[in-house]
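Asker: Sharing start_11.pdb here; it has PDB, C-alpha atoms.
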MODEL        1
ATOM      1  CA  MET A   1       0.000   0.000   0.000
ATOM      2  CA  THR A   2       1.358   3.405  -0.900
ATOM      3  CA  TYR A   3       0.908   6.465   1.276
ATOM      4  CA  GLU A   4      -1.611   7.837  -1.227
ATOM      5  CA  GLU A   5      -3.583   4.579  -1.152
ATOM      6  CA  LEU A   6      -3.559   4.729   2.642
ATOM      7  CA  LEU A   7      -5.034   8.246   2.549
ATOM      8  CA  THR A   8      -7.777   7.108   0.177
ATOM      9  CA  ASN A   9      -8.551   4.094   2.344
ATOM     10  CA  ILE A  10      -8.688   6.231   5.489
ATOM     11  CA  ASP A  11     -11.179   8.525   3.807
ATOM     12  CA  ASN A  12     -13.322   5.605   2.571
ATOM     13  CA  THR A  13     -13.350   3.644   5.835
ATOM     14  CA  SER A  14     -16.654   3.207   7.632
ATOM     15  CA  TRP A  15     -15.066   3.236  11.057
ATOM     16  CA  PHE A  16     -16.309   0.601  13.535
ATOM     17  CA  THR A  17     -19.539  -0.156  11.651
ATOM     18  CA  ASN A  18     -18.997  -3.924  11.895
ATOM     19  CA  SER A  19     -17.556  -4.081  15.414
ATOM     20  CA  GLY A  20     -18.705  -7.136  17.323
ATOM     21  CA  SER A  21     -19.283  -9.267  14.249
ATOM     22  CA  TYR A  22     -15.733 -10.252  13.251
ATOM     23  CA  ARG A  23     -15.297 -13.934  12.430
ATOM     24  CA  SER A  24     -12.121 -15.591  13.665
ATOM     25  CA  SER A  25      -9.805 -16.832  10.959
ATOM     26  CA  GLY A  26      -6.151 -17.698  10.645
ATOM     27  CA  ASN A  27      -4.154 -15.526  13.004
ATOM     28  CA  THR A  28      -7.135 -13.466  14.218
ATOM     29  CA  ILE A  29      -9.708 -14.015  16.941
ATOM     30  CA  GLY A  30     -13.035 -12.222  16.801
ATOM     31  CA  ILE A  31     -14.756 -11.288  20.042
ATOM     32  CA  PRO A  32     -18.513 -10.607  20.032
ATOM     33  CA  SER A  33     -18.447  -8.174  22.953
ATOM     34  CA  LEU A  34     -16.225  -6.357  25.404
ATOM     35  CA  SER A  35     -18.001  -7.843  28.425
ATOM     36  CA  ALA A  36     -14.974  -9.891  29.533
ATOM     37  CA  TRP A  37     -13.424  -6.621  30.732
ATOM     38  CA  ASN A  38     -16.514  -5.449  32.674
ATOM     39  CA  ASP A  39     -15.157  -6.455  36.086
ATOM     40  CA  THR A  40     -11.791  -7.168  37.657
ATOM     41  CA  ILE A  41     -13.069 -10.644  38.577
ATOM     42  CA  PHE A  42     -14.477 -12.715  35.717
ATOM     43  CA  GLU A  43     -18.165 -13.559  35.857
ATOM     44  CA  GLU A  44     -18.922 -17.273  36.267
ATOM     45  CA  SER A  45     -21.013 -17.247  33.085
ATOM     46  CA  LEU A  46     -18.125 -15.965  30.960
ATOM     47  CA  ARG A  47     -16.820 -18.529  28.467
ATOM     48  CA  ALA A  48     -13.364 -19.930  29.227
ATOM     49  CA  GLU A  49     -12.046 -18.694  25.877
ATOM     50  CA  MET A  50     -13.089 -15.103  26.651
ATOM     51  CA  LYS A  51     -11.502 -15.321  30.120
ATOM     52  CA  LYS A  52      -8.239 -16.441  28.532
ATOM     53  CA  ILE A  53      -8.335 -13.626  25.964
ATOM     54  CA  ALA A  54      -9.179 -10.954  28.548
ATOM     55  CA  SER A  55      -6.501 -12.090  30.969
ATOM     56  CA  SER A  56      -3.675 -12.323  28.433
ATOM     57  CA  MET A  57      -4.364  -9.746  25.704
ATOM     58  CA  ASP A  58      -2.114  -6.708  25.416
ATOM     59  CA  TRP A  59      -4.179  -3.718  24.290
ATOM     60  CA  PHE A  60      -2.845  -1.745  21.334
ATOM     61  CA  PRO A  61      -1.496   1.701  22.188
ATOM     62  CA  SER A  62      -4.079   4.460  22.314
ATOM     63  CA  SER A  63      -1.931   7.420  23.274
ATOM     64  CA  ARG A  64       0.537   9.235  21.060
ATOM     65  CA  ASP A  65       3.145   8.960  23.797
ATOM     66  CA  GLN A  66       2.997   5.170  24.053
ATOM     67  CA  LYS A  67       5.862   3.196  22.590
ATOM     68  CA  ASP A  68       5.293   1.329  19.337
ATOM     69  CA  PRO A  69       5.288  -2.321  20.464
ATOM     70  CA  PHE A  70       6.547  -3.525  17.080
ATOM     71  CA  HIS A  71       9.099  -0.980  15.872
ATOM     72  CA  GLY A  72      10.087   0.991  18.960
ATOM     73  CA  GLN A  73      11.537   4.310  17.723
ATOM     74  CA  GLU A  74      12.737   2.934  14.377
ATOM     75  CA  LEU A  75       9.809   4.207  12.264
ATOM     76  CA  THR A  76       9.983   7.659  13.806
ATOM     77  CA  LYS A  77      13.672   7.856  12.925
ATOM     78  CA  ARG A  78      13.071   6.662   9.370
ATOM     79  CA  VAL A  79      10.223   9.120   8.758
ATOM     80  CA  ALA A  80      12.333  11.987  10.107
ATOM     81  CA  ALA A  81      14.724  11.278   7.220
ATOM     82  CA  VAL A  82      11.904  11.439   4.621
ATOM     83  CA  GLU A  83      11.379  14.895   3.152
ATOM     84  CA  GLY A  84       8.021  16.166   4.421
ATOM     85  CA  GLY A  85       7.526  12.910   6.329
ATOM     86  CA  LYS A  86       6.230  14.425   9.563
ATOM     87  CA  THR A  87       3.813  16.640   7.640
ATOM     88  CA  LYS A  88       2.466  13.672   5.690
ATOM     89  CA  VAL A  89       1.998  11.608   8.838
ATOM     90  CA  MET A  90       0.086  14.510  10.384
ATOM     91  CA  ALA A  91      -2.045  14.836   7.244
ATOM     92  CA  ALA A  92      -3.071  11.171   7.473
ATOM     93  CA  TYR A  93      -3.845  11.641  11.160
ATOM     94  CA  LYS A  94      -6.030  14.670  10.420
ATOM     95  CA  VAL A  95      -8.012  12.836   7.710
ATOM     96  CA  ALA A  96      -8.641   9.955  10.113
ATOM     97  CA  SER A  97      -9.535  12.293  12.968
ATOM     98  CA  LYS A  98     -12.120  14.043  10.828
ATOM     99  CA  LYS A  99     -13.603  10.735   9.618
ATOM    100  CA  LEU A 100     -13.748   9.446  13.196
ATOM    101  CA  SER A 101     -15.788  12.382  14.449
ATOM    102  CA  ASN A 102     -19.123  10.611  13.889
ATOM    103  CA  TYR A 103     -18.917   6.911  14.709
ATOM    104  CA  ASP A 104     -21.422   4.901  16.764
ATOM    105  CA  LYS A 105     -20.042   5.155  20.287
ATOM    106  CA  THR A 106     -22.782   2.954  21.774
ATOM    107  CA  LYS A 107     -21.025  -0.164  20.442
ATOM    108  CA  PHE A 108     -18.224   0.503  22.908
ATOM    109  CA  VAL A 109     -20.196   0.710  26.137
ATOM    110  CA  SER A 110     -19.919  -2.501  28.144
ATOM    111  CA  GLY A 111     -21.030  -2.696  31.747
ATOM    112  CA  PRO A 112     -19.575   0.283  33.601
ATOM    113  CA  HIS A 113     -16.985   0.982  30.883
ATOM    114  CA  ASP A 114     -17.021   3.168  27.786
ATOM    115  CA  TYR A 115     -14.282   2.141  25.352
ATOM    116  CA  SER A 116     -15.269   4.623  22.638
ATOM    117  CA  ILE A 117     -12.419   7.062  23.287
ATOM    118  CA  THR A 118      -9.922   4.199  23.566
ATOM    119  CA  ALA A 119     -11.141   2.735  20.254
ATOM    120  CA  LYS A 120     -10.860   6.085  18.481
ATOM    121  CA  SER A 121      -7.453   6.844  19.994
ATOM    122  CA  ALA A 122      -6.136   3.393  19.071
ATOM    123  CA  ALA A 123      -7.381   3.879  15.500
ATOM    124  CA  LEU A 124      -5.572   7.204  15.260
ATOM    125  CA  TYR A 125      -2.400   5.636  16.658
ATOM    126  CA  CYS A 126      -2.645   2.886  14.044
ATOM    127  CA  VAL A 127      -3.148   5.387  11.215
ATOM    128  CA  ARG A 128      -0.113   7.349  12.326
ATOM    129  CA  MET A 129       2.037   4.236  12.448
ATOM    130  CA  ALA A 130       0.671   2.844   9.156
ATOM    131  CA  ALA A 131       1.513   6.179   7.501
ATOM    132  CA  MET A 132       5.049   5.915   8.875
ATOM    133  CA  GLU A 133       5.364   2.363   7.555
ATOM    134  CA  CYS A 134       4.208   3.470   4.094
ATOM    135  CA  LEU A 135       6.489   6.506   4.005
ATOM    136  CA  SER A 136       9.533   4.531   5.120
ATOM    137  CA  ASN A 137       8.875   1.661   2.701
ATOM    138  CA  ASN A 138       8.631  -0.652   5.693
ATOM    139  CA  GLN A 139       5.056  -1.882   5.492
ATOM    140  CA  GLY A 140       4.238  -4.351   8.180
ATOM    141  CA  VAL A 141       1.960  -4.940  11.082
ATOM    142  CA  TRP A 142       0.404  -1.459  11.276
ATOM    143  CA  VAL A 143      -0.673  -1.515   7.623
ATOM    144  CA  GLU A 144      -2.167  -4.968   8.243
ATOM    145  CA  VAL A 145      -3.951  -3.752  11.376
ATOM    146  CA  PHE A 146      -5.265  -0.736   9.457
ATOM    147  CA  LYS A 147      -6.739  -3.115   6.861
ATOM    148  CA  VAL A 148      -8.859  -4.628   9.645
ATOM    149  CA  TYR A 149     -10.005  -1.143  10.687
ATOM    150  CA  SER A 150     -10.873  -0.391   7.061
ATOM    151  CA  GLN A 151     -13.326  -3.311   7.130
ATOM    152  CA  GLY A 152     -15.238  -1.629   9.979
ATOM    153  CA  TYR A 153     -13.795  -3.540  12.955
ATOM    154  CA  TRP A 154     -11.743  -2.643  16.006
ATOM    155  CA  PRO A 155      -8.479  -4.600  16.240
ATOM    156  CA  CYS A 156      -7.937  -4.032  19.934
ATOM    157  CA  GLY A 157      -4.889  -6.053  20.864
ATOM    158  CA  LEU A 158      -2.556  -9.007  20.624
ATOM    159  CA  LEU A 159      -2.333 -12.285  22.478
ATOM    160  CA  PRO A 160       1.057 -13.682  23.571
ATOM    161  CA  ASP A 161       1.034 -16.007  20.524
ATOM    162  CA  ASN A 162       0.686 -12.883  18.298
ATOM    163  CA  LYS A 163      -2.937 -13.575  17.373
ATOM    164  CA  LEU A 164      -4.817 -10.370  16.662
ATOM    165  CA  VAL A 165      -7.945  -9.829  18.795
ATOM    166  CA  VAL A 166     -10.689  -8.062  16.834
ATOM    167  CA  TYR A 167     -13.980  -6.652  18.091
TER
ENDMDL
END
For the structure just supplied, provide its representation as structure tokens.
Answerer:
Amino acid sequence: MTYEELLTNIDNTSWFTNSGSYRSSGNTIGIPSLSAWNDTIFEESLRAEMKKIASSMDWFPSSRDQKDPFHGQELTKRVAAVEGGKTKVMAAYKVASKKLSNYDKTKFVSGPHDYSITAKSAALYCVRMAAMECLSNNQGVWVEVFKVYSQGYWPCGLLPDNKLVVY
């Protein structure tokens, strides 16, 4: 995917419209709800598989200041060497931010928790990192994660075996 294709895809994405309906396949696990994270102690009725996912999943970063779990500082260094790189990354971020201004936040309320801001912030983090991958000719995990977002889902984290958890 080129940077320009990424921008087009960001603009055409129907953010989170299919959340909760992802079907597990290959190296991805779909979760039908966020209820496993409702309490600090798992409910008895919660399926064993959901307990395992909730107890071992690492959430994707949702703050600009969080370290990239895949590349560390490498992408930031590479993009700094690309002419206009920082400006292009910011442009992708702004397109995504505008598109994410009107998504259905009710899909992200589970028990006492509202994950809507986390979902949006994680999506923006992913866009920023995917733009860096495209600009540095180092496409990898963030472009792949963005592709899941572009299908209307929320890829929320990774399991220790590197399976992607998608809501």
Asker: Considering all atoms listed in the file, tabulate each residue of stretch 21-94 of chain A that lies at most 8 Å from stretch 101-116 of chain A along with its nearest interatomic pair and the corresponding distance in Å to one decimal; arrange the rows by chain and ascending residue number and present them as JSON lines.
Answerer:
{"residue": "A:Ser33", "atom": "CA", "partner": "A:Ser110", "partner_atom": "CA", "distance": 7.8}
{"residue": "A:Leu34", "atom": "CA", "partner": "A:Ser110", "partner_atom": "CA", "distance": 6.0}
{"residue": "A:Ser35", "atom": "CA", "partner": "A:Ser110", "partner_atom": "CA", "distance": 5.7}
{"residue": "A:Asn38", "atom": "CA", "partner": "A:Gly111", "partner_atom": "CA", "distance": 5.4}
Asker: Check which residues satisfy the PyMOL selection byres ((chain A and resi 81-97) around 6) in the file shown, then give them as a compact mmCIF listing (two decimals) with C-alpha atoms, in the coordinates of the input.
Answerer:
# COMPACT_ATOMS: atom_id res chain seq x y z
CA ILE A 10 -8.69 6.23 5.49
CA ARG A 78 13.07 6.66 9.37
CA VAL A 79 10.22 9.12 8.76
CA ALA A 80 12.33 11.99 10.11
CA LYS A 98 -12.12 14.04 10.83
CA LYS A 99 -13.60 10.74 9.62
CA LEU A 100 -13.75 9.45 13.20
CA ARG A 128 -0.11 7.35 12.33
CA ALA A 131 1.51 6.18 7.50
Asker: Just to confirm, what's the straight-line distance from atom CA of A:Phe60 to atom CA of A:Tyr167 in Å (one decimal)?
Answerer: 12.6 Å
Asker: Between atom CA of A:Gly72 and atom CA of A:Ala119, what is the spacing in Å?
Answerer: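 Atom-to-atom, atom CA of A:Ala119 to atom CA of A:Gly72, that is 21.3 Å.
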Asker: What's the separation between atom CA of A:Glu133 and atom CA of A:Glu74, in Å to one decimal place?
Answerer: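 If I compute the distance from atom CA of A:Glu133 to atom CA of A:Glu74, I get 10.1 Å.
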Asker: Determine, counting only C-alpha atoms, which protein, DNA and RNA residues have an atom within 8 Å of an atom of A:Pro155; residues of the same chain fewer than 4 positions away are not included. Present the result as a list in words.
Answerer: Val145, Val148, Tyr149, Leu164, Val165, Val166 and Tyr167 of chain A
Asker: Just C-alpha atoms for this one: save the residues we selected as a CSV table (one decimal), keeping the file's coordinate frame.
Answerer:
chain,number,residue,atom,x,y,z
A,145,VAL,CA,-4.0,-3.8,11.4
A,148,VAL,CA,-8.9,-4.6,9.6
A,149,TYR,CA,-10.0,-1.1,10.7
A,164,LEU,CA,-4.8,-10.4,16.7
A,165,VAL,CA,-7.9,-9.8,18.8
A,166,VAL,CA,-10.7,-8.1,16.8
A,167,TYR,CA,-14.0,-6.7,18.1
Asker: For this file, the PyMOL selection byres ((chain A and resi 152) around 7) selects which residues, as an mmCIF file with C-alpha atoms, keeping the file's coordinate frame?
Answerer:
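So selection.cif came out as:
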data_model
loop_
_atom_site.group_PDB
_atom_site.id
_atom_site.type_symbol
_atom_site.label_atom_id
_atom_site.label_comp_id
_atom_site.auth_asym_id
_atom_site.auth_seq_id
_atom_site.Cartn_x
_atom_site.Cartn_y
_atom_site.Cartn_z
ATOM 1 C CA THR A 13 -13.350 3.644 5.835
ATOM 2 C CA SER A 14 -16.654 3.207 7.632
ATOM 3 C CA TRP A 15 -15.066 3.236 11.057
ATOM 4 C CA PHE A 16 -16.309 0.601 13.535
ATOM 5 C CA THR A 17 -19.539 -0.156 11.651
ATOM 6 C CA ASN A 18 -18.997 -3.924 11.895
ATOM 7 C CA SER A 19 -17.556 -4.081 15.414
ATOM 8 C CA TYR A 149 -10.005 -1.143 10.687
ATOM 9 C CA SER A 150 -10.873 -0.391 7.061
ATOM 10 C CA GLN A 151 -13.326 -3.311 7.130
ATOM 11 C CA TYR A 153 -13.795 -3.540 12.955
#
Asker: When you count all atoms listed in the file, which of these residues is closest to A:Met1: A:Cys156, A:Leu135, A:Thr76, A:Asp161?
Answerer: A:Leu135
Asker: Could you list, as a PyMOL selection string, every residue within 8 Å of stretch 46-53 of chain A, counting only C-alpha atoms and ignoring same-chain residues fewer than 6 positions away?
Answerer: chain A and resi 31+36+159
Asker: Restricting the calculation to all atoms listed in the file: of A:Asn137, A:Gln73, A:Pro32, A:Trp142, which residue gets closest to A:Leu124?
Answerer: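 Checking each candidate against A:Leu124, we get A:Trp142 as the closest.
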Asker: Which residue gives the smallest distance to A:Thr118 among A:Leu75, A:Asn138, A:Ser62, A:Thr8, with only C-alpha atoms counted?
Answerer: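 Closest to A:Thr118, using only C-alpha atoms: A:Ser62.
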Asker: From the set A:Cys126, A:Glu4, A:Lys163, A:Ile29, which residue has the shortest atom-to-atom contact distance to A:Lys147, counting only C-alpha atoms?
Answerer: A:Cys126
Asker: Using only C-alpha atoms, find the one residue out of A:Leu7, A:Val127, A:Ala54, A:Ala122 that sits nearest to A:Glu144.
Answerer: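 Between A:Leu7, A:Val127, A:Ala54, A:Ala122, the residue approaching A:Glu144 most closely is A:Val127.
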